[in-house]
Every structure is written in C-alpha cells, then in structure tokens.
Amino acid sequence: MMKSIWKAGPLLWLSALMIITALCLVFLYAPTERTMGDVQRIFYFHVSSAWVGFFAFFVTFFAGIAYLRTKKRLWDIVGHSSSEIGIVFTSMAVLTGSIWAKPTWNAWYPWEQEPRLILVSILLLIYFAYHMLRAFVRESEQRARFAAVYGIVAFVGVPLTFMSIRWWQSLHPVVFASKGSGLTPPMLWTFLFCLLSFTILYFVFLIQRCRLSILADQVEDLKRRVLHE
C-alpha cells in the first residue's frame, strides 16, 4: 500500500503544477478574444471539463467490457470510480458553459436552440441512474455485472452528445472543424495545455478514488473475519 501511495505522489504534484501553469496561461498568456472579450477564457476550462467527463465515461465503458471478460473486481472499481469523476467534470462543463452562454447568447440555458444542453442533461441523468442501480443491488457480483452492462450501454449517449452540434442546428460553436479551430497559436497552445492538465488531474482523481474503494473492500473483509472468529 505504501508503494502505491508513493507512486501517486509524483503525479499529484505534477498535476498541481500543471493546473497552476494552466491558470497562468489562460489569464496571462492567451490573448483576449476580440468579439467575446475576457469571458472567452472560460472556453479553456469548459472544453477541458467536457473532454475529461466524456473520457471518464469511456473508461467506464471500457472497464465494463473488461469486467465482463475477466470478472476481476478491480475493473468494477475502475468503472465505478471513473463514472463518479465523469459526473463531476461533466457538471463542471455544464456550469462553465452556462456562465459563458449568459453574456454571449443572453441566456443561461438556451434549451430551444441548443440540443447539446438537453442531451448532456440526459447523459448526466443516465449516469446518476448508474449509481442508483449500484445502490439498489446488494449482491456484489450481480451489482458489478449489472453495472458493467449498464456502463457499456450508457456510453451511447456520449458520441450522440458530442456530435449533436454537427448533426443539428445549434448555437454552440464547433471547436475543431474542417477549416481549422480558428484559434491563434497562443490560444491553441493554452487550450492544448489545459486539456493535458485536466487529463492528468483525472488520473490523479481516478487513482485516489480506486484506492478508497480498495481500502473499503479491505475493511469489509476485516469485518467479516472478526465476525467469524
């Protein structure tokens, strides 16, 4: 256990350093966008949060497949932990998106003109239901099996949400289109650094959350041993 803590330490410090650097880049290095002004700086956090949220749900999808193939408890832990992190970061994307939308579109949540808002809200409800399912199923192997299948099926909502602004008329800008991103080099480097920083932060959270679940399993095993003695 001490070895695993030691291994998580460097990644934790690296993540903290990169997040601080990302903040400096966003507010000191990246130029102010001509049309939207300083509110455009939310873009770097908004897109990075959305990316991590979707990536976390992909990890839950992958972990579900891995669990059904191997029946290893570790994959169930990874899927469960990653879905929690995905909910947090996707909620952050919705929140930062609404802050961006108010001065830009004069509405916090322009539902009727923004299908992605509806889809991402449904996506969050789907993954909240994933945790409700885990809470209601008592038997551990059955819970892991049901959750794995649910996590695989639920992932369909991620590409649907991502592609919504390309398939339907939407206010939401397409960041990377066939004509390019429309970002100046300083903006693009800041954006890519924020993406990397948030991705490393995700892995820090994932490692720590998985460790908590492993420790909880060890506590439960200890309780059972004491009761049997």
# chains A, B, ... in the order shown; residues from 1 in each chain; ligands from 1
>>> residues_around(residues="Ala154 of chain A", least_positions_apart="5", cutoff="10 Å", atoms="only C-alpha atoms", output="PDB file with N, CA and C atoms, in the first residue's frame")
ATOM      1  N   PHE A  57     -16.323   8.648 -18.910  1.00  0.00           N
ATOM      2  CA  PHE A  57     -17.399   7.723 -19.259  1.00  0.00           C
ATOM      3  C   PHE A  57     -16.909   6.640 -20.223  1.00  0.00           C
ATOM      4  N   PHE A  58     -15.943   6.983 -21.080  1.00  0.00           N
ATOM      5  CA  PHE A  58     -15.341   5.967 -21.939  1.00  0.00           C
ATOM      6  C   PHE A  58     -14.592   4.934 -21.108  1.00  0.00           C
ATOM      7  N   THR A  60     -15.319   4.058 -18.092  1.00  0.00           N
ATOM      8  CA  THR A  60     -16.358   3.214 -17.502  1.00  0.00           C
ATOM      9  C   THR A  60     -16.853   2.185 -18.521  1.00  0.00           C
ATOM     10  N   PHE A  61     -17.029   2.620 -19.751  1.00  0.00           N
ATOM     11  CA  PHE A  61     -17.420   1.718 -20.845  1.00  0.00           C
ATOM     12  C   PHE A  61     -16.378   0.612 -21.033  1.00  0.00           C
ATOM     13  N   LEU A 123     -27.641  12.815 -20.387  1.00  0.00           N
ATOM     14  CA  LEU A 123     -26.458  11.993 -20.134  1.00  0.00           C
ATOM     15  C   LEU A 123     -26.131  11.949 -18.640  1.00  0.00           C
ATOM     16  N   ILE A 126     -28.559   9.725 -16.904  1.00  0.00           N
ATOM     17  CA  ILE A 126     -28.265   8.316 -17.180  1.00  0.00           C
ATOM     18  C   ILE A 126     -27.184   7.795 -16.234  1.00  0.00           C
ATOM     19  N   TYR A 127     -26.150   8.597 -16.012  1.00  0.00           N
ATOM     20  CA  TYR A 127     -25.069   8.135 -15.136  1.00  0.00           C
ATOM     21  C   TYR A 127     -25.417   8.272 -13.661  1.00  0.00           C
ATOM     22  N   ALA A 129     -28.373   7.446 -12.728  1.00  0.00           N
ATOM     23  CA  ALA A 129     -29.121   6.193 -12.621  1.00  0.00           C
ATOM     24  C   ALA A 129     -28.178   4.997 -12.484  1.00  0.00           C
ATOM     25  N   TYR A 130     -26.995   5.086 -13.095  1.00  0.00           N
ATOM     26  CA  TYR A 130     -25.972   4.039 -12.947  1.00  0.00           C
ATOM     27  C   TYR A 130     -25.634   3.827 -11.471  1.00  0.00           C
ATOM     28  N   ALA A 148     -21.692  -3.153 -15.161  1.00  0.00           N
ATOM     29  CA  ALA A 148     -20.853  -3.252 -16.351  1.00  0.00           C
ATOM     30  C   ALA A 148     -21.687  -3.155 -17.622  1.00  0.00           C
ATOM     31  N   VAL A 149     -22.790  -3.887 -17.656  1.00  0.00           N
ATOM     32  CA  VAL A 149     -23.670  -3.853 -18.827  1.00  0.00           C
ATOM     33  C   VAL A 149     -24.267  -2.457 -18.998  1.00  0.00           C
TER      34      VAL A 149
END
>>> residues_around(residues="segment 34-46 of chain A", least_positions_apart="4", cutoff="8 Å", atoms="only C-alpha atoms", output="number ranges by chain")
A: 26-27, 50, 92-94, 96-97, 100, 103-104, 190-191, 194-195
>>> write_last_selection(atoms="C-alpha atoms", output="JSON list (two decimals), in the first residue's frame")
[["chain", "number", "residue", "atom", "x", "y", "z"],
["A", 26, "VAL", "CA", -5.26, 31.34, -19.54],
["A", 27, "PHE", "CA", -5.15, 34.68, -17.74],
["A", 50, "ALA", "CA", -16.24, 18.29, -21.09],
["A", 92, "MET", "CA", -18.44, 21.46, -14.42],
["A", 93, "ALA", "CA", -18.76, 21.68, -18.20],
["A", 94, "VAL", "CA", -22.47, 22.48, -17.92],
["A", 96, "THR", "CA", -18.98, 26.84, -17.12],
["A", 97, "GLY", "CA", -20.99, 26.61, -20.32],
["A", 100, "TRP", "CA", -20.24, 31.53, -20.97],
["A", 103, "PRO", "CA", -23.08, 37.19, -21.84],
["A", 104, "THR", "CA", -22.69, 35.54, -25.24],
["A", 190, "THR", "CA", -3.09, 27.28, -23.99],
["A", 191, "PHE", "CA", -6.06, 25.14, -24.94],
["A", 194, "CYS", "CA", -5.36, 22.85, -20.37],
["A", 195, "LEU", "CA", -6.58, 19.63, -21.98]]
>>> closest_residue(among="A:Phe193, A:Trp51, A:Tyr29, A:Tyr67", to="Gly151 of chain A", atoms="only C-alpha atoms")
A:Tyr67
>>> residues_around(residues="Thr199 of chain A", least_positions_apart="4", cutoff="10 Å", atoms="only C-alpha atoms", output="compact mmCIF listing (two decimals) with N, CA and C atoms, in the first residue's frame")
# COMPACT_ATOMS: atom_id res chain seq x y z
N SER A 15 0.33 17.24 -11.39
CA SER A 15 -1.00 17.78 -11.71
C SER A 15 -1.19 19.16 -11.12
N SER A 48 -12.15 21.61 -21.61
CA SER A 48 -11.33 20.63 -20.90
C SER A 48 -12.17 19.78 -19.95
N SER A 49 -13.11 20.42 -19.26
CA SER A 49 -14.00 19.68 -18.36
C SER A 49 -14.87 18.70 -19.14
N TRP A 51 -14.20 17.36 -22.05
CA TRP A 51 -13.33 16.28 -22.54
C TRP A 51 -13.09 15.23 -21.46
N VAL A 52 -12.75 15.68 -20.25
CA VAL A 52 -12.49 14.73 -19.16
C VAL A 52 -13.75 13.97 -18.80
N GLY A 53 -14.90 14.66 -18.77
CA GLY A 53 -16.15 13.97 -18.47
C GLY A 53 -16.44 12.86 -19.46
N PHE A 55 -14.28 11.40 -21.49
CA PHE A 55 -13.22 10.39 -21.40
C PHE A 55 -13.46 9.47 -20.21
N ALA A 56 -13.90 10.04 -19.09
CA ALA A 56 -14.19 9.24 -17.90
C ALA A 56 -15.30 8.23 -18.18
N PHE A 193 -2.66 22.74 -23.58
CA PHE A 193 -2.06 22.55 -22.26
C PHE A 193 -3.14 22.33 -21.21
N CYS A 194 -4.24 23.05 -21.31
CA CYS A 194 -5.36 22.85 -20.37
C CYS A 194 -5.95 21.45 -20.52
N LEU A 195 -6.09 20.99 -21.75
CA LEU A 195 -6.58 19.63 -21.98
C LEU A 195 -5.69 18.60 -21.29
N PHE A 203 -6.58 11.44 -13.93
CA PHE A 203 -5.91 10.21 -13.50
C PHE A 203 -5.53 10.26 -12.02
N VAL A 204 -5.21 11.45 -11.52
CA VAL A 204 -4.96 11.59 -10.08
C VAL A 204 -6.22 11.25 -9.30
N PHE A 205 -7.35 11.82 -9.71
CA PHE A 205 -8.62 11.52 -9.05
C PHE A 205 -8.96 10.03 -9.14
>>> closest_residue(among="A:Trp75, A:Phe162, A:Phe198, A:Phe146", to="Ala22 of chain A", atoms="only C-alpha atoms")
A:Phe198
>>> select_by_dssp(residues="segment 2-106 of chain A", states="alpha helix (DSSP H)", output="PyMOL selection string")
chain A and resi 2-24+42-70+73-105
>>> closest_residue(among="A:Val78, A:Leu17, A:Ile207, A:Ile99", to="Ile65 of chain A", atoms="only C-alpha atoms")
A:Val78
